[in-house]
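Visitor: One structure, as structure tokens, below. Some questions next.
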Number of protein chains: 2
Amino acid sequence: MTTTLDAAYAYAETHADRFVQELDALLRIPSLSGDPAHAGDVRRTAEWLATHMQQIGLNNAQVMETAGHPVVYGEWLEAGADRPTVLVYGHYDVVPAAMEDGWDTPPFEPVIKDGRIYARGTTDNKGQLFIHLKAFEACLQGMGTLPVNIKFLLEGEEEVSSPNLRPFIEAHLDLLRADVCVISDTSMRAIDEPAILHSLRGMTYIEVEVRGPATDLHSGFYGSAVHNPALALVEILAQLHNADHSIAVPGFYDDVVPLTDADRAMIAHNPLSEAELIRQTGAPASWGEAAYTLRERVTARPTLEINGLVSGWGGAGPKTIIPQKALAKISCRLVGNQNPHRIYELLKQHIESLAPPTVQVEVRLLTTGEPALIATDQPAMHAAVRAYERGWGATPIFTRGGGSIPIVADMYTLMRIPVVMMGYGLDDDGLHAPNESYSLEMFQRGINTAIVYLDELANLPH
Amino acid sequence: MTTTLDAAYAYAETHADRFVQELDALLRIPSLSGDPAHAGDVRRTAEWLATHMQQIGLNNAQVMETAGHPVVYGEWLEAGADRPTVLVYGHYDVVPAAMEDGWDTPPFEPVIKDGRIYARGTTDNKGQLFIHLKAFEACLQGMGTLPVNIKFLLEGEEEVSSPNLRPFIEAHLDLLRADVCVISDTSMRAIDEPAILHSLRGMTYIEVEVRGPATDLHSGFYGSAVHNPALALVEILAQLHNADHSIAVPGFYDDVVPLTDADRAMIAHNPLSEAELIRQTGAPASWGEAAYTLRERVTARPTLEINGLVSGWGGAGPKTIIPQKALAKISCRLVGNQNPHRIYELLKQHIESLAPPTVQVEVRLLTTGEPALIATDQPAMHAAVRAYERGWGATPIFTRGGGSIPIVADMYTLMRIPVVMMGYGLDDDGLHAPNESYSLEMFQRGINTAIVYLDELANLPH
């Protein structure tokens with residue numbers, strides 16, 4: 001087996017520059033799933049991927065419709081029915097990016113500098129999903145075959161919480177049937193400390209809109225006589241946390257699985273110090289629940305964050321109005337076993353209970369995602385550990401992720417297969433931030449490890 | 001004298017349509033003083049006015065430089081040195097306006113509908129200042145002369161609190177010397193209830209910026225571990241008012257002149273009912289200090305209003321970031337004898353005292369304006385009362401204005417002359433709001449009353 005893998009490694013090495021050029025082309029399409037104006041770009045990205053799948057030897061490659069942005073599917077089942085099948089999930093959509101957010105170079109014109117490629121989507125998730133396409137290509141073209149069957153499921157709505165993927169999976173359970181799902185959409189702290197995620201946070205994302213007067217008012221004529229919607233909004237938002245920084249929404253923590261000593265010990269293998277947090281974020285200090293370590297706060301505790309505020313005048317100079325309305329975008333990261341819809345109801349009830357009669361308050365649900373907790377002691381996980389040891393050259397640790405990949409919970413629930421999160425990103429790749437980038441060394445080592453993982457999965461019970 | 005005034009009236013009536021066409025042309029120039037991108041439009045408006053002044057017979061008409069947007073000056077001194085001189089002040093700049101704020105028609109393409117002209121600046125202040133230019137023209141062209149000397153001082157920075165007008169006046173005290181200043185930049189409740197303002201509120205306008213991490217962060221990776229700047233901002237802003245809706249900044253009320261029973265009785269002549277407030281604003285209810293009537297709140301009490309909030313993601317759909325920073329625009333309307341710079345210091349001290357060490361908070365001063373209180377029992381005021389009785393057909397009441405015209409305090413202090421505020425607007429003209437408009441009947445009656453006022457001022461001691 002070692003000989004044949006060497007042929008795949010050799011192919012990947014020989015074609016390394018071309019792989020990066022192809023990734024560059026993929027990064028140039030601004031596949032912003034949250035912005036209707038970019039729907040055409042999202043579709044163009046899907047079509048690019050389907051064409052690329054055909055070119056590298058995947059069969060049945062196609063763009064498949066959903067109620068929203070399309071899914072890209074491709075498969076290679078020639079290992080035979082007696083071999084296991086691995087389903088690779090990735091997402092080709094990205095979050096918004098604009099120069100004025102602080103990018104040094106245009107976010108959709110990739111630039112390579114000091115061994116890193118800079119563009120929106122490099123690490124999240126175009127670069128990481130491309131690892132699996134290139135590992136497939138390297139196996140098929142280098143070895144002439146694969147030790148397992150493989151299916152690709154690439155979605156275009158992950159950054160808007162995958163509203164249409166669950167129905168898509170339900171409608172295509174036969175097509176997608178597999179023995180294990182592998183996802184590379186997470187990260188490690190340092191390049192020599194690979195990590196397998198076994199927990200992800202879910203999400204409830206809402207908008208709170210406060211409306212007062214029928215139009216913007218002259219603040220001199222009506223100031224102090226009507227309730228300023230921006231003031232009413234901040235008065236409400238300031239009541240959503242307790243003095244100890246915990247969340248003040250009644251019932252919010254009811255379904256949170258308490259951390260055991262063993263849980264906390266496992267989390268402690270991947271500590272996050274105050275100094276490191278400050279270095280990574282540039283924040284003046286840490287903040288949050290003193291009863292939990294920083295790593296626990298960012299992975300194993302639920303959150304309530306204000307993602308945006310919009311009201312009245314935000315341009316240069318003064319404008320003396322009482323704004324007609326004020327809007328907050330708020331998201332909660334959820335942990336097992338919180339239910340995103342129940343959390344929405346609790347938020348809505350609480351916020352409405354804080355609303356004074358002097359304004360109108362509306363709470364709207366934008367998206368939800370289930371949290372996921374996956375057992376670490378099972379064959380697909382063991383295979384992943386060995387793949388890192390052989391392909392990456394280091395034993396991985398098991399970690400919890402702070403982010404949300406709603407599909408993980410869905411895969412687990414709908415397909416009843418283990419989901420193995422082999423993240424090939426670095427914690428400080430800057431995803432969702434200006435100057436997102438991806439290490440080309442990670443890209444190369446990821447391809448090699450993904451090749452080994454296919455080999456290790458050959459013996460998976462199925 | 002009646003005969004000669006009739007000639008001026010007749011001229012104004014004959015040329016009424018042309019007057020409106022000229023106003024239309026003036027309204028089409030988007031003279032947004034607060035937006036550097038419109039500096040050229042502001043200057044173009046000044047040049048338009050100077051040319052127009054020359055055309056209607058004013059002498060020495062010119063655009064005069066300041067450190068900011070220019071002043072337009074013109075004069076007619078042929079009544080002779082034994083006659084009083086009246087200085088007319090107005091402003092030709094406007095606040096921002098955009099279709100997306102809720103305008104039914106483009107804000108700089110005037111439309112006449114149901115006897116009203118709709119455009120940004122119609123009532124504030126292009127329409128009202130134009131009344132005085134047209135009254136001058138009607139007198140000079142209709143009667144061949146004027147009973148008084150007249151000077152025009154039109155500025156282009158009133159909407160950004162006139163930062164350069166005070167130095168301009170100080171540098172041109174001889175040029176501007178007059179016996180009375182008349183300003184039409186205020187309003188009456190109903191067309192048959194003319195009002196002379198004798199009090200205006202001042203202003204302190206600040207920005208509060210809260211900064212946390214060095215860039216926007218992924219809320220899944222850092223949520224609950226750094227202080228969200230938007231949360232820190234709302235926590236600060238929610239502490240700026242007391243539970244009784246008074247302002248919680250220590251020392252804020254120290255210099256406020258308490259209202260006497262006589263003051264409150266005068267204010268009560270122009271009541272503002274809950275129903276009327278709701279009708280005018282569309283707000284669900286009133287709000288504010290229960291110890292003061294609604295009219296007192298909007299004219300004789302200081303305010304603290306949030307004019308704008310900007311933080312993080314405000315576009316369509318979700319974006320799961322912790323914003324790097326959060327900004328609030330805040331303005332206080334001030335009453336006699338509050339000092340705008342002292343108020344700024346109090347605001348800055350208090351807000352900084354509320355800032356937690358987990359974020360950085362910066363308080364910046366944008367603009368200031370002095371409040372003004374003017375005696376009602378003096379000849380220039382009596383002349384104005386008679387002008388309304390003769391020209392408008394109704395006896396005016398004395399009122400306090402909620403808005404700010406910083407020049408009023410400056411005129412009073414620097415030139416030592418009475419400032420008479422004969423407002424020819426209606427309270428619900430919608431200034432600073434979408435669909436600002438101006439009644440063409442007000443425009444016509446304003447011209448007639450301005451003609452009479454020149455006549456009444458002929459006997460002013462000087």
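Letters for chains follow the order of the structure tokens (A, B, ...), residue numbers begin at 1 for each chain, and ligand numbers begin at 1 in the order shown.
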Name the residues in contact with Ile405 in chain B at a cut-off of 9 Å, using only C-alpha atoms, excluding same-chain residues fewer than 2 positions from it; report them as a list in words.
Guide: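 The residues satisfying every condition are Glu158, Glu159, Ser161, Ser162, Asp185, Leu200, Arg201, Gly202, Gly369, Glu370, Pro371, Ala372, Gly403, Ile407, Val408 and Ala409 of chain B.
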Visitor: Using only C-alpha atoms, determine which residues of chain B fall within 6 Å of chain A; present them as a VMD selection string.
Guide: chain B and resid 34 212 to 214 216 to 218 220 to 227 234 to 235 238 281 to 288 297 to 298 303 307 to 314 317 321 to 322 358 402 to 403 432 to 433
Visitor: Hey, what's within 12 Å of Glu456 in chain A if we count only C-alpha atoms and toss same-chain stuff fewer than 2 positions away? As number ranges by chain, please?
Guide: A: 1-2, 5, 83-84, 86, 146-148, 379-391, 449-454, 458-461
Visitor: Would you output that residue set with N, CA and C atoms, as a short mmCIF file (atom, residue, chain, number, x, y, z; two decimals), in the first residue's frame?
Guide:
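part-v4.cif was written with the following content:
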```cif
data_model
loop_
_atom_site.label_atom_id
_atom_site.label_comp_id
_atom_site.auth_asym_id
_atom_site.auth_seq_id
_atom_site.Cartn_x
_atom_site.Cartn_y
_atom_site.Cartn_z
N MET A 1 0.84 -1.22 0.00
CA MET A 1 0.00 0.00 0.00
C MET A 1 0.87 1.26 0.00
N THR A 2 1.98 1.20 0.73
CA THR A 2 2.86 2.36 0.82
C THR A 2 3.32 2.80 -0.57
N LEU A 5 0.54 4.75 -2.35
CA LEU A 5 0.38 6.09 -1.79
C LEU A 5 1.52 7.01 -2.24
N ARG A 83 -16.24 -2.07 -0.57
CA ARG A 83 -15.40 -1.10 0.12
C ARG A 83 -16.26 0.00 0.76
N PRO A 84 -15.75 0.59 1.82
CA PRO A 84 -16.53 1.69 2.45
C PRO A 84 -16.62 2.90 1.52
N VAL A 86 -16.81 7.13 1.57
CA VAL A 86 -16.62 8.34 2.39
C VAL A 86 -17.31 9.51 1.69
N LEU A 146 -8.65 4.27 -6.14
CA LEU A 146 -8.76 4.70 -4.74
C LEU A 146 -9.10 3.49 -3.90
N PRO A 147 -8.66 3.48 -2.63
CA PRO A 147 -8.99 2.34 -1.76
C PRO A 147 -10.43 2.35 -1.27
N VAL A 148 -11.12 3.44 -1.44
CA VAL A 148 -12.52 3.55 -0.98
C VAL A 148 -13.34 4.27 -2.04
N PRO A 379 -14.29 3.81 15.26
CA PRO A 379 -13.28 3.48 14.23
C PRO A 379 -12.93 4.63 13.29
N ALA A 380 -13.91 5.41 12.85
CA ALA A 380 -13.62 6.48 11.90
C ALA A 380 -12.71 7.53 12.54
N MET A 381 -12.87 7.73 13.87
CA MET A 381 -12.01 8.66 14.60
C MET A 381 -10.59 8.07 14.75
N HIS A 382 -10.54 6.77 15.05
CA HIS A 382 -9.24 6.13 15.19
C HIS A 382 -8.47 6.22 13.87
N ALA A 383 -9.18 6.01 12.76
CA ALA A 383 -8.55 6.08 11.44
C ALA A 383 -7.99 7.49 11.19
N ALA A 384 -8.73 8.49 11.65
CA ALA A 384 -8.28 9.87 11.46
C ALA A 384 -7.01 10.14 12.27
N VAL A 385 -6.98 9.59 13.48
CA VAL A 385 -5.78 9.77 14.31
C VAL A 385 -4.57 9.17 13.60
N ARG A 386 -4.74 7.97 13.05
CA ARG A 386 -3.61 7.34 12.34
C ARG A 386 -3.24 8.11 11.08
N ALA A 387 -4.23 8.64 10.40
CA ALA A 387 -3.95 9.41 9.17
C ALA A 387 -3.07 10.62 9.49
N TYR A 388 -3.37 11.30 10.58
CA TYR A 388 -2.53 12.44 10.96
C TYR A 388 -1.12 11.96 11.32
N GLU A 389 -1.06 10.84 12.05
CA GLU A 389 0.27 10.35 12.47
C GLU A 389 1.11 10.02 11.24
N ARG A 390 0.50 9.41 10.22
CA ARG A 390 1.25 9.02 9.01
C ARG A 390 1.42 10.20 8.05
N GLY A 391 0.35 10.96 7.83
CA GLY A 391 0.37 11.97 6.76
C GLY A 391 0.88 13.33 7.21
N THR A 449 -2.36 14.24 3.95
CA THR A 449 -3.10 13.59 5.03
C THR A 449 -4.45 13.07 4.54
N ALA A 450 -5.08 13.84 3.67
CA ALA A 450 -6.36 13.40 3.11
C ALA A 450 -6.16 12.13 2.28
N ILE A 451 -5.02 12.03 1.58
CA ILE A 451 -4.71 10.80 0.83
C ILE A 451 -4.59 9.61 1.79
N VAL A 452 -3.86 9.80 2.89
CA VAL A 452 -3.69 8.70 3.85
C VAL A 452 -5.02 8.31 4.49
N TYR A 453 -5.85 9.33 4.75
CA TYR A 453 -7.12 9.02 5.42
C TYR A 453 -7.97 8.10 4.54
N LEU A 454 -7.95 8.30 3.23
CA LEU A 454 -8.68 7.40 2.33
C LEU A 454 -8.15 5.98 2.49
N ALA A 458 -10.06 2.34 4.34
CA ALA A 458 -10.33 1.11 3.57
C ALA A 458 -10.79 -0.03 4.49
N ASN A 459 -10.33 0.01 5.74
CA ASN A 459 -10.68 -1.08 6.65
C ASN A 459 -11.88 -0.77 7.55
N LEU A 460 -12.53 0.35 7.29
CA LEU A 460 -13.67 0.75 8.14
C LEU A 460 -14.81 -0.27 7.99
N PRO A 461 -15.36 -0.70 9.12
CA PRO A 461 -16.53 -1.60 9.02
C PRO A 461 -17.65 -0.88 8.28
#
```
Visitor: Would you please extract all strand (DSSP E or B) residues from range 190-427 of chain A, as assigned by DSSP on the backbone, and give them as JSON, numbers by chain?
Guide: {"A": [195, 196, 197, 198, 199, 200, 202, 203, 204, 205, 206, 207, 208, 209, 210, 211, 217, 218, 241, 247, 305, 306, 307, 308, 309, 310, 311, 312, 321, 322, 325, 326, 327, 328, 329, 330, 331, 332, 333, 334, 360, 361, 362, 363, 364, 365, 366, 367, 368, 369, 372, 373, 397, 398, 399, 400, 419, 420, 421, 422, 425, 426]}
Visitor: Might you pull out every residue within 9 Å of Glu352 in chain A, with only C-alpha atoms counted and same-chain residues fewer than 6 positions away left off, and present them as a ChimeraX atom specification?
Guide: /A:361-363
Visitor: Would you list the contacts of Asn270 in chain A as a list in words, taking every protein, DNA or RNA residue within 10 Å and counting only C-alpha atoms, but skipping same-chain residues closer than 6 positions in sequence?
Guide: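 After dropping sequence-adjacent residues, the list is Met188, Arg189, Glu193, Ala195, Arg295, Glu296, Ile397, Phe398, Thr399 and Arg400 of chain A.
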Visitor: I want to know what sits within 10 Å of Glu441 in chain A, based on only C-alpha atoms, with residues of the same chain fewer than 5 positions away left out; could you give that as an NGL selection string?
Guide: :A and (115-116 or 191 or 446-447)
Visitor: Take the residues from that selection and put them in a file with C-alpha atoms, as a short mmCIF file (atom, residue, chain, number, x, y, z; two decimals), in the first residue's frame.
Guide:
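Final output, saved to again-v5.cif:
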```cif
data_model
loop_
_atom_site.label_atom_id
_atom_site.label_comp_id
_atom_site.auth_asym_id
_atom_site.auth_seq_id
_atom_site.Cartn_x
_atom_site.Cartn_y
_atom_site.Cartn_z
CA GLY A 115 3.93 31.31 1.87
CA ARG A 116 0.31 32.34 2.42
CA ILE A 191 0.86 23.70 12.33
CA GLY A 446 -3.56 18.58 4.08
CA ILE A 447 -3.56 16.93 0.66
#
```
Visitor: Using only C-alpha atoms, which protein or nucleic acid residues come within 10 Å of Pro167 in chain A? Drop anything in the same chain fewer than 5 positions from it, and give the result as number ranges by chain.
Guide: A: 66-67, 162, 172, 410
Visitor: Restricted to N, CA and C atoms, what would the selected residues look like written as a PDB file, in the first residue's frame?
Guide:
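Final output, selection34.pdb:
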```
ATOM      1  N   THR A  66     -31.522  23.571  -5.034  1.00  0.00           N
ATOM      2  CA  THR A  66     -32.216  23.573  -3.736  1.00  0.00           C
ATOM      3  C   THR A  66     -33.169  24.765  -3.794  1.00  0.00           C
ATOM      4  N   ALA A  67     -33.841  25.046  -2.697  1.00  0.00           N
ATOM      5  CA  ALA A  67     -34.697  26.239  -2.664  1.00  0.00           C
ATOM      6  C   ALA A  67     -33.858  27.507  -2.614  1.00  0.00           C
ATOM      7  N   SER A 162     -27.027  27.270   6.256  1.00  0.00           N
ATOM      8  CA  SER A 162     -27.497  26.082   5.516  1.00  0.00           C
ATOM      9  C   SER A 162     -28.995  25.859   5.590  1.00  0.00           C
ATOM     10  N   HIS A 172     -32.259  13.170  -0.655  1.00  0.00           N
ATOM     11  CA  HIS A 172     -31.243  12.432  -1.424  1.00  0.00           C
ATOM     12  C   HIS A 172     -30.456  11.482  -0.543  1.00  0.00           C
ATOM     13  N   ASP A 410     -26.775  17.795  11.306  1.00  0.00           N
ATOM     14  CA  ASP A 410     -27.731  17.197  10.371  1.00  0.00           C
ATOM     15  C   ASP A 410     -27.243  15.849   9.847  1.00  0.00           C
TER      16      ASP A 410
END
```
Visitor: Using only C-alpha atoms, pick whichever of B:Asp429, B:Asp24, B:Glu13, B:Glu436 has the shortest atom-to-atom distance to Gly142 in chain B.
Guide: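 With only C-alpha atoms as the atom set, the closest residue is B:Glu13.
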Visitor: CA of Asp93 in chain B to CA of Trp392 in chain B: how many Å, to one decimal?
Guide: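 It comes out at 27.3 Å.
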Visitor: As a PyMOL selection string, please: all residues of range 27-231 of chain B that backbone DSSP puts in alpha helix (DSSP H).
Guide: chain B and resi 27+39-55+127-143+165-171+173-176+219-222+229-231
Visitor: Go through A:Gly90, A:Pro340, A:Pro396, A:Pro406 one by one, measure the shortest atom-to-atom distance of each to Leu197 in chain A using only C-alpha atoms, and give the residue with the smallest value.
Guide: A:Pro396
